[in-house]
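Everything below belongs to upload-v7.cif, which stores mmCIF, C-alpha atoms.
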data_structure
loop_
_atom_site.label_atom_id
_atom_site.label_comp_id
_atom_site.auth_asym_id
_atom_site.auth_seq_id
_atom_site.Cartn_x
_atom_site.Cartn_y
_atom_site.Cartn_z
CA MET A 19 0.00 0.00 0.00
CA ILE A 20 1.34 3.43 -0.96
CA PRO A 21 1.46 5.85 2.01
CA LEU A 22 -0.53 9.08 2.01
CA ASN A 23 2.60 11.23 1.71
CA PHE A 24 3.36 9.90 -1.76
CA TYR A 25 0.01 11.11 -3.07
CA LEU A 26 0.46 14.47 -1.34
CA VAL A 27 3.94 15.00 -2.80
CA LEU A 28 2.65 13.98 -6.23
CA SER A 29 -0.11 16.57 -6.06
CA ALA A 30 2.38 19.18 -4.77
CA LEU A 31 4.51 18.46 -7.85
CA LEU A 32 1.48 18.81 -10.15
CA PHE A 33 0.53 22.09 -8.47
CA THR A 34 4.08 23.40 -8.86
CA ILE A 35 4.14 22.55 -12.55
CA GLY A 36 0.87 24.45 -12.91
CA VAL A 37 2.35 27.48 -11.12
CA VAL A 38 5.34 27.43 -13.47
CA GLY A 39 2.98 27.41 -16.42
CA VAL A 40 0.90 30.33 -15.15
CA LEU A 41 3.99 32.39 -14.39
CA THR A 42 6.14 31.74 -17.43
CA ARG A 43 4.00 31.05 -20.48
CA ARG A 44 2.85 33.82 -22.79
CA ASN A 45 -0.07 32.11 -24.48
CA ALA A 46 -3.36 32.68 -22.63
CA ILE A 47 -4.62 29.18 -23.45
CA ILE A 48 -1.53 27.54 -21.94
CA VAL A 49 -2.00 29.66 -18.80
CA PHE A 50 -5.55 28.36 -18.82
CA MET A 51 -4.44 24.72 -19.08
CA SER A 52 -2.00 25.29 -16.22
CA ILE A 53 -4.88 26.51 -14.05
CA GLU A 54 -6.70 23.27 -14.86
CA LEU A 55 -3.57 21.36 -13.78
CA MET A 56 -3.57 23.18 -10.44
CA LEU A 57 -7.27 22.44 -9.89
CA ASN A 58 -6.58 18.77 -10.67
CA SER A 59 -3.78 18.62 -8.12
CA VAL A 60 -6.07 20.07 -5.45
CA ASN A 61 -8.67 17.45 -6.35
CA LEU A 62 -6.04 14.74 -6.01
CA THR A 63 -5.18 16.00 -2.52
CA LEU A 64 -8.85 16.01 -1.51
CA VAL A 65 -9.44 12.47 -2.79
CA ALA A 66 -6.26 11.20 -1.13
CA PHE A 67 -7.29 12.63 2.24
CA SER A 68 -10.83 11.36 1.81
CA SER A 69 -9.59 7.87 1.05
CA PHE A 70 -7.01 7.71 3.83
CA LEU A 71 -9.22 9.29 6.51
CA GLY A 72 -12.24 7.17 5.58
CA ASP A 73 -14.55 10.15 5.06
CA ALA A 74 -16.61 10.78 1.92
CA THR A 75 -16.74 14.57 2.42
CA GLY A 76 -13.49 15.09 0.54
CA GLN A 77 -14.80 13.27 -2.50
CA MET A 78 -17.95 15.36 -2.39
CA LEU A 79 -15.90 18.57 -2.30
CA VAL A 80 -14.19 17.37 -5.48
CA PHE A 81 -17.55 17.64 -7.24
CA PHE A 82 -17.84 21.29 -6.32
CA VAL A 83 -14.29 21.90 -7.56
CA ILE A 84 -15.14 20.14 -10.85
CA THR A 85 -18.28 22.30 -11.15
CA ILE A 86 -16.24 25.47 -10.68
CA ALA A 87 -13.64 24.19 -13.15
CA ALA A 88 -16.30 23.56 -15.78
CA ALA A 89 -17.80 27.02 -15.31
CA GLU A 90 -14.34 28.55 -15.40
CA ALA A 91 -13.46 26.67 -18.59
CA ALA A 92 -16.56 27.93 -20.38
CA ILE A 93 -16.19 31.55 -19.22
CA GLY A 94 -12.42 31.62 -19.67
CA LEU A 95 -12.52 30.35 -23.22
CA ALA A 96 -15.35 32.77 -24.05
CA ILE A 97 -13.16 35.61 -22.77
CA ILE A 98 -10.17 34.32 -24.75
CA ILE A 99 -12.23 34.07 -27.94
CA ALA A 100 -13.68 37.57 -27.42
CA LEU A 101 -10.14 38.91 -26.84
CA PHE A 102 -8.85 37.18 -29.95
CA ARG A 103 -11.66 38.69 -31.99
CA ASN A 104 -10.77 42.19 -30.79
CA LYS A 105 -6.95 42.05 -30.66
CA GLN A 106 -6.10 39.18 -33.08
CA THR A 107 -3.78 37.69 -30.45
CA VAL A 108 -3.87 35.58 -27.30
CA ASN A 109 -0.39 36.66 -26.25
CA ILE A 110 -0.81 38.02 -22.71
CA ASP A 111 2.08 40.46 -23.21
CA GLU A 112 0.10 42.31 -25.85
CA ILE A 113 -3.19 42.35 -23.94
CA ASN A 114 -2.59 45.47 -21.85
CA LEU A 115 -5.76 47.50 -22.33
CA LEU A 116 -5.98 48.30 -18.62
CA LYS A 117 -2.33 49.39 -18.35
CA TRP A 118 -1.49 53.08 -18.74
CA MET B 9 7.07 -4.28 -5.45
CA ASP B 10 3.46 -5.33 -5.63
CA LEU B 11 1.01 -4.54 -8.40
CA TYR B 12 -0.59 -1.62 -6.56
CA ALA B 13 2.75 0.15 -6.15
CA PHE B 14 3.64 -0.55 -9.78
CA PHE B 15 0.40 1.04 -11.00
CA PHE B 16 0.85 4.00 -8.64
CA TYR B 17 4.34 4.76 -9.93
CA PHE B 18 3.31 4.19 -13.53
CA PHE B 19 0.39 6.64 -13.36
CA ALA B 20 2.34 9.11 -11.22
CA VAL B 21 5.10 9.25 -13.86
CA LEU B 22 2.49 9.49 -16.63
CA THR B 23 0.70 12.36 -14.89
CA VAL B 24 3.78 14.40 -13.99
CA GLY B 25 5.49 13.72 -17.31
CA SER B 26 2.56 14.83 -19.39
CA ALA B 27 2.04 17.84 -17.09
CA PHE B 28 5.63 18.80 -17.98
CA VAL B 29 4.79 18.49 -21.66
CA VAL B 30 1.68 20.66 -21.15
CA VAL B 31 3.69 23.47 -19.63
CA PHE B 32 6.98 23.28 -21.49
CA SER B 33 5.99 22.18 -24.98
CA ARG B 34 6.58 24.76 -27.71
CA ASN B 35 3.60 23.54 -29.70
CA ILE B 36 0.20 24.34 -28.21
CA ILE B 37 -1.46 21.33 -29.89
CA TYR B 38 0.99 19.02 -28.12
CA SER B 39 0.13 20.78 -24.87
CA ALA B 40 -3.58 20.19 -25.38
CA PHE B 41 -3.10 16.49 -26.10
CA ALA B 42 -0.66 16.02 -23.21
CA LEU B 43 -3.33 17.53 -20.97
CA MET B 44 -5.55 14.59 -21.91
CA PHE B 45 -2.94 12.14 -20.60
CA THR B 46 -2.66 14.14 -17.39
CA PHE B 47 -6.41 13.92 -16.88
CA PHE B 48 -6.35 10.18 -17.59
CA GLY B 49 -3.49 9.70 -15.14
CA VAL B 50 -5.29 11.60 -12.40
CA ALA B 51 -8.45 9.56 -13.03
CA ALA B 52 -6.41 6.35 -12.69
CA LEU B 53 -4.98 7.62 -9.40
CA TYR B 54 -8.55 8.22 -8.20
CA VAL B 55 -9.30 4.58 -8.98
CA LEU B 56 -6.24 3.53 -6.97
CA LEU B 57 -7.65 5.62 -4.08
CA TYR B 58 -10.98 3.72 -4.26
CA ALA B 59 -12.81 6.84 -5.52
CA ASP B 60 -14.64 5.13 -8.38
CA PHE B 61 -17.39 7.68 -8.90
CA VAL B 62 -15.00 10.65 -8.85
CA ALA B 63 -12.79 8.89 -11.40
CA VAL B 64 -15.68 8.42 -13.81
CA THR B 65 -16.78 12.03 -13.31
CA GLN B 66 -13.22 13.17 -13.97
CA LEU B 67 -13.21 11.33 -17.29
CA LEU B 68 -16.66 12.62 -18.27
CA VAL B 69 -16.21 16.26 -17.29
CA TYR B 70 -12.51 16.86 -17.93
CA VAL B 71 -11.73 14.65 -20.90
CA GLY B 72 -15.21 14.81 -22.41
CA GLY B 73 -16.01 18.44 -21.71
CA ILE B 74 -13.22 20.77 -20.66
CA LEU B 75 -10.58 19.26 -22.95
CA VAL B 76 -12.87 19.53 -25.98
CA LEU B 77 -13.55 23.16 -25.06
CA ILE B 78 -9.81 23.83 -24.75
CA ILE B 79 -9.07 22.22 -28.13
CA PHE B 80 -11.86 24.34 -29.65
CA GLY B 81 -10.21 27.39 -28.09
CA VAL B 82 -6.81 26.39 -29.51
CA MET B 83 -8.23 25.85 -32.98
CA LEU B 84 -10.18 29.12 -32.94
CA THR B 85 -7.34 31.33 -31.71
CA THR B 86 -4.24 30.00 -33.48
CA LYS B 87 -3.35 30.21 -37.10
CA VAL B 88 -2.85 26.51 -37.57
CA PHE B 89 -0.84 26.69 -40.78
CA SER B 90 1.67 29.29 -39.65
CA VAL B 91 4.39 29.35 -37.02
CA GLU B 92 2.08 31.21 -34.62
CA MET B 93 1.54 28.01 -32.62
CA LYS B 94 4.98 28.27 -31.13
CA THR B 95 4.72 30.27 -27.95
CA GLY B 96 7.40 31.83 -25.80
CA THR B 97 8.18 32.14 -22.11
CA LEU B 98 8.83 35.13 -19.89
CA ASN B 99 9.99 36.03 -16.35
CA LEU B 100 12.05 32.83 -16.10
CA LEU B 101 14.21 33.74 -13.09
CA PRO B 102 11.60 35.20 -10.68
CA ALA B 103 9.17 32.47 -11.68
CA THR B 104 11.73 29.76 -10.87
CA LEU B 105 12.43 31.31 -7.46
CA PHE B 106 8.75 31.70 -6.61
CA THR B 107 7.97 28.17 -7.73
CA ALA B 108 10.84 26.69 -5.74
CA ILE B 109 9.53 28.45 -2.62
CA ILE B 110 5.99 27.17 -3.21
CA ALA B 111 7.15 23.60 -3.88
CA GLY B 112 9.42 23.56 -0.85
CA MET B 113 6.70 24.90 1.41
CA LEU B 114 4.04 22.46 0.17
CA ILE B 115 6.28 19.41 0.41
CA PHE B 116 7.57 20.49 3.82
CA VAL B 117 4.06 20.95 5.24
CA PHE B 118 2.82 17.71 3.69
CA SER B 119 5.66 15.63 5.07
CA ALA B 120 6.12 17.40 8.42
CA THR B 121 2.48 17.15 9.50
CA ASP B 122 1.38 14.01 11.30
CA TRP B 123 -1.87 13.10 9.51
CA ASN B 124 -4.42 11.03 11.40
CA VAL B 125 -4.58 8.21 8.88
CA VAL B 126 -7.06 5.40 9.34
CA PRO B 127 -5.07 2.28 8.44
CA ASP B 128 -6.34 -0.07 5.72
CA GLN B 129 -9.62 1.61 5.02
CA GLU B 130 -12.17 -0.65 3.36
CA TRP B 131 -14.33 1.17 0.83
CA ASP B 132 -17.41 -0.56 -0.43
CA THR B 133 -18.79 1.94 -2.91
CA THR B 134 -18.52 5.68 -2.59
CA VAL B 135 -21.68 6.65 -4.49
CA TYR B 136 -24.02 6.15 -1.53
CA GLY B 137 -21.92 8.24 0.86
CA ILE B 138 -21.43 11.08 -1.62
CA GLY B 139 -25.11 11.16 -2.53
CA ALA B 140 -26.23 11.16 1.12
CA LEU B 141 -23.87 14.07 1.86
CA LEU B 142 -25.01 16.02 -1.19
CA VAL B 143 -28.73 15.91 -0.37
CA ASN B 144 -28.40 16.34 3.40
CA GLU B 145 -25.60 18.53 4.74
CA PHE B 146 -24.60 20.14 1.45
CA ILE B 147 -27.97 20.71 -0.21
CA LEU B 148 -27.58 24.52 -0.34
CA PRO B 149 -24.08 24.49 -1.90
CA MET B 150 -25.35 22.01 -4.48
CA GLN B 151 -28.22 24.32 -5.47
CA VAL B 152 -25.85 27.29 -5.61
CA ALA B 153 -23.50 25.27 -7.84
CA GLY B 154 -26.41 24.59 -10.19
CA VAL B 155 -27.26 28.29 -10.40
CA LEU B 156 -23.57 29.05 -10.98
CA LEU B 157 -23.47 26.65 -13.92
CA LEU B 158 -26.55 28.30 -15.43
CA VAL B 159 -25.06 31.79 -15.00
CA ALA B 160 -21.75 30.61 -16.48
CA MET B 161 -23.53 29.09 -19.47
CA ILE B 162 -25.49 32.27 -20.24
CA GLY B 163 -22.41 34.42 -19.67
CA ALA B 164 -20.22 32.31 -21.95
CA VAL B 165 -22.77 32.44 -24.75
CA MET B 166 -23.13 36.21 -24.36
CA MET B 167 -19.40 36.84 -24.38
CA ALA B 168 -18.51 34.50 -27.22
CA ALA B 169 -21.40 35.48 -29.47
CA ARG B 170 -20.22 37.79 -32.22
CA ASP B 171 -22.82 40.46 -31.52
CA TRP B 172 -25.23 39.52 -28.81
CA THR B 173 -27.51 42.55 -29.30
CA LYS B 174 -28.55 40.92 -32.58
CA LEU B 175 -29.31 37.71 -30.71
CA LYS B 176 -31.49 39.64 -28.30
CA SER B 177 -33.57 41.31 -31.00
CA LYS B 178 -34.51 37.93 -32.49
#
Please rewrite the model in this file as structure tokens.
Amino acid sequence: MIPLNFYLVLSALLFTIGVVGVLTRRNAIIVFMSIELMLNSVNLTLVAFSSFLGDATGQMLVFFVITIAAAEAAIGLAIIIALFRNKQTVNIDEINLLKW
Amino acid sequence: MDLYAFFFYFFAVLTVGSAFVVVFSRNIIYSAFALMFTFFGVAALYVLLYADFVAVTQLLVYVGGILVLIIFGVMLTTKVFSVEMKTGTLNLLPATLFTAIIAGMLIFVFSATDWNVVPDQEWDTTVYGIGALLVNEFILPMQVAGVLLLVAMIGAVMMAARDWTKLKSK
């Protein structure tokens, strides 16, 4: 049986990779995918705790996270498509309308 | 090494490896497809953790829904036949520092804390427990989540529609 710490370190690694993606990539869609990676790592932590503590609440929380992720995916891609229509780019360096 | 450990390491390597490809690949199409393997790997880890229902939901929602949306987004916003798909990086040094701090902190807290683990938990099926929680203690959050999905759906259509005032007049 794999101990709990292995799952936790795995999800910490996934989260870290997601943070790297959000901080370093220029393409808005890749930033978006990195956010999905981070949400997945949090889900993995919740499921691991739920399974090792013998409590179904963690698995139920995962459903709320998945709901938020689905809503965020729809809204985020709508924003990206609207941005692309207006600026012809999804490069986050060039999207600086609010900067003066 | 027993079979359980073998599958754990296999899916852990698959998940982390494809997550690396998602973030560091130069080609955004490769990133999108590597994301699929990450989602599959996480779903397999859910199965190893006896969370059958969550694993199936992960496959349905992430691979069937969110990934298709993301690939649509990639196809709609990149000029597929040009070199535009190659994307760059920025802020490498501060990002590396920040990430190292986050990773160190997370792994330190995870390994330094003494978790109250119940040894050798026997799970029968998780569906009953999750359903009972959802309709008893968490009935209000569930309703709010439903309203949130409706609002998100309407908002996404309004934002992505080319000119939604025309939609309204019809």
Give one line per residue of chain B that approaches chain A to at most 7 Å, naming the two atoms of the closest pair and their distance in Å to one decimal, counting all atoms listed in the file; sort by chain then ascending residue number and deliver it as a Markdown table.
| residue | atom | partner | partner_atom | distance |
| --- | --- | --- | --- | --- |
| B:Tyr12 | CA | A:Met19 | CA | 6.8 |
| B:Ala13 | CA | A:Ile20 | CA | 6.3 |
| B:Ala20 | CA | A:Leu28 | CA | 7.0 |
| B:Val24 | CA | A:Leu32 | CA | 6.3 |
| B:Ala27 | CA | A:Ile35 | CA | 6.9 |
| B:Phe28 | CA | A:Ile35 | CA | 6.8 |
| B:Val31 | CA | A:Gly39 | CA | 5.1 |
| B:Tyr54 | CA | A:Val65 | CA | 6.9 |
| B:Leu57 | CA | A:Ser69 | CA | 5.9 |
| B:Tyr58 | CA | A:Ser69 | CA | 6.9 |
| B:Val62 | CA | A:Gln77 | CA | 6.9 |
| B:Ile74 | CA | A:Ala91 | CA | 6.3 |
| B:Gly81 | CA | A:Leu95 | CA | 6.1 |
| B:Thr85 | CA | A:Phe102 | CA | 6.3 |
| B:Thr95 | CA | A:Asn45 | CA | 6.2 |
| B:Gly96 | CA | A:Arg44 | CA | 5.8 |
| B:Thr97 | CA | A:Arg43 | CA | 4.6 |
| B:Leu98 | CA | A:Thr42 | CA | 5.0 |
| B:Asn99 | CA | A:Thr42 | CA | 5.9 |
| B:Leu100 | CA | A:Thr42 | CA | 6.2 |
| B:Ala103 | CA | A:Leu41 | CA | 5.8 |
| B:Thr107 | CA | A:Thr34 | CA | 6.3 |
| B:Ala111 | CA | A:Thr34 | CA | 5.9 |
| B:Leu114 | CA | A:Ala30 | CA | 6.2 |
| B:Ile115 | CA | A:Val27 | CA | 5.9 |
| B:Phe118 | CA | A:Leu26 | CA | 6.4 |
| B:Ser119 | CA | A:Asn23 | CA | 6.3 |
| B:Val125 | CA | A:Leu71 | CA | 5.3 |
| B:Val126 | CA | A:Leu71 | CA | 5.3 |
| B:Gln129 | CA | A:Gly72 | CA | 6.2 |
| B:Gly137 | CA | A:Ala74 | CA | 6.0 |
| B:Ile138 | CA | A:Met78 | CA | 5.6 |
| B:Ala153 | CA | A:Thr85 | CA | 6.9 |
| B:Leu157 | CA | A:Ala89 | CA | 5.8 |
| B:Ala160 | CA | A:Ala89 | CA | 5.5 |
| B:Gly163 | CA | A:Ile93 | CA | 6.9 |
| B:Ala164 | CA | A:Ile93 | CA | 4.9 |
| B:Met167 | CA | A:Ala96 | CA | 5.8 |
| B:Ala168 | CA | A:Ala96 | CA | 4.8 |
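Using all atoms listed in the file, the shortest contact distance between Val71 of chain B and any of B:Phe45, B:Phe116, B:Phe16, B:Phe106 is found at B:Phe45.
Here atom CA of Leu75 of chain B is placed at a distance of 10.9 Å from atom CA of Thr46 of chain B.
Between atom CA of Thr86 of chain B and atom CA of Met166 of chain B lies a distance of 21.9 Å.
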Pull out every residue that the PyMOL selection byres ((chain B and resi 42) around 8) matches in the shown coordinates and put them as a list in words. Ser26, Ala27, Val29, Val30, Tyr38, Ser39, Ala40, Phe41, Leu43, Met44, Phe45 and Thr46 of chain B
Using only C-alpha atoms, can you tell me which of B:Val55, B:Val159, B:Ala120, B:Val165 comes closest to Phe19 of chain B? B:Val55
Which residues are close to Val135 of chain B, i.e. within 9 Å by all atoms listed in the file, leaving aside same-chain residues fewer than 5 positions away? Reply as a PyMOL selection string. chain B and resi 59-62+140
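For the atom pair formed by atom CA of Thr65 of chain B and atom CA of Ile36 of chain B, the distance is 25.7 Å, given to one decimal.
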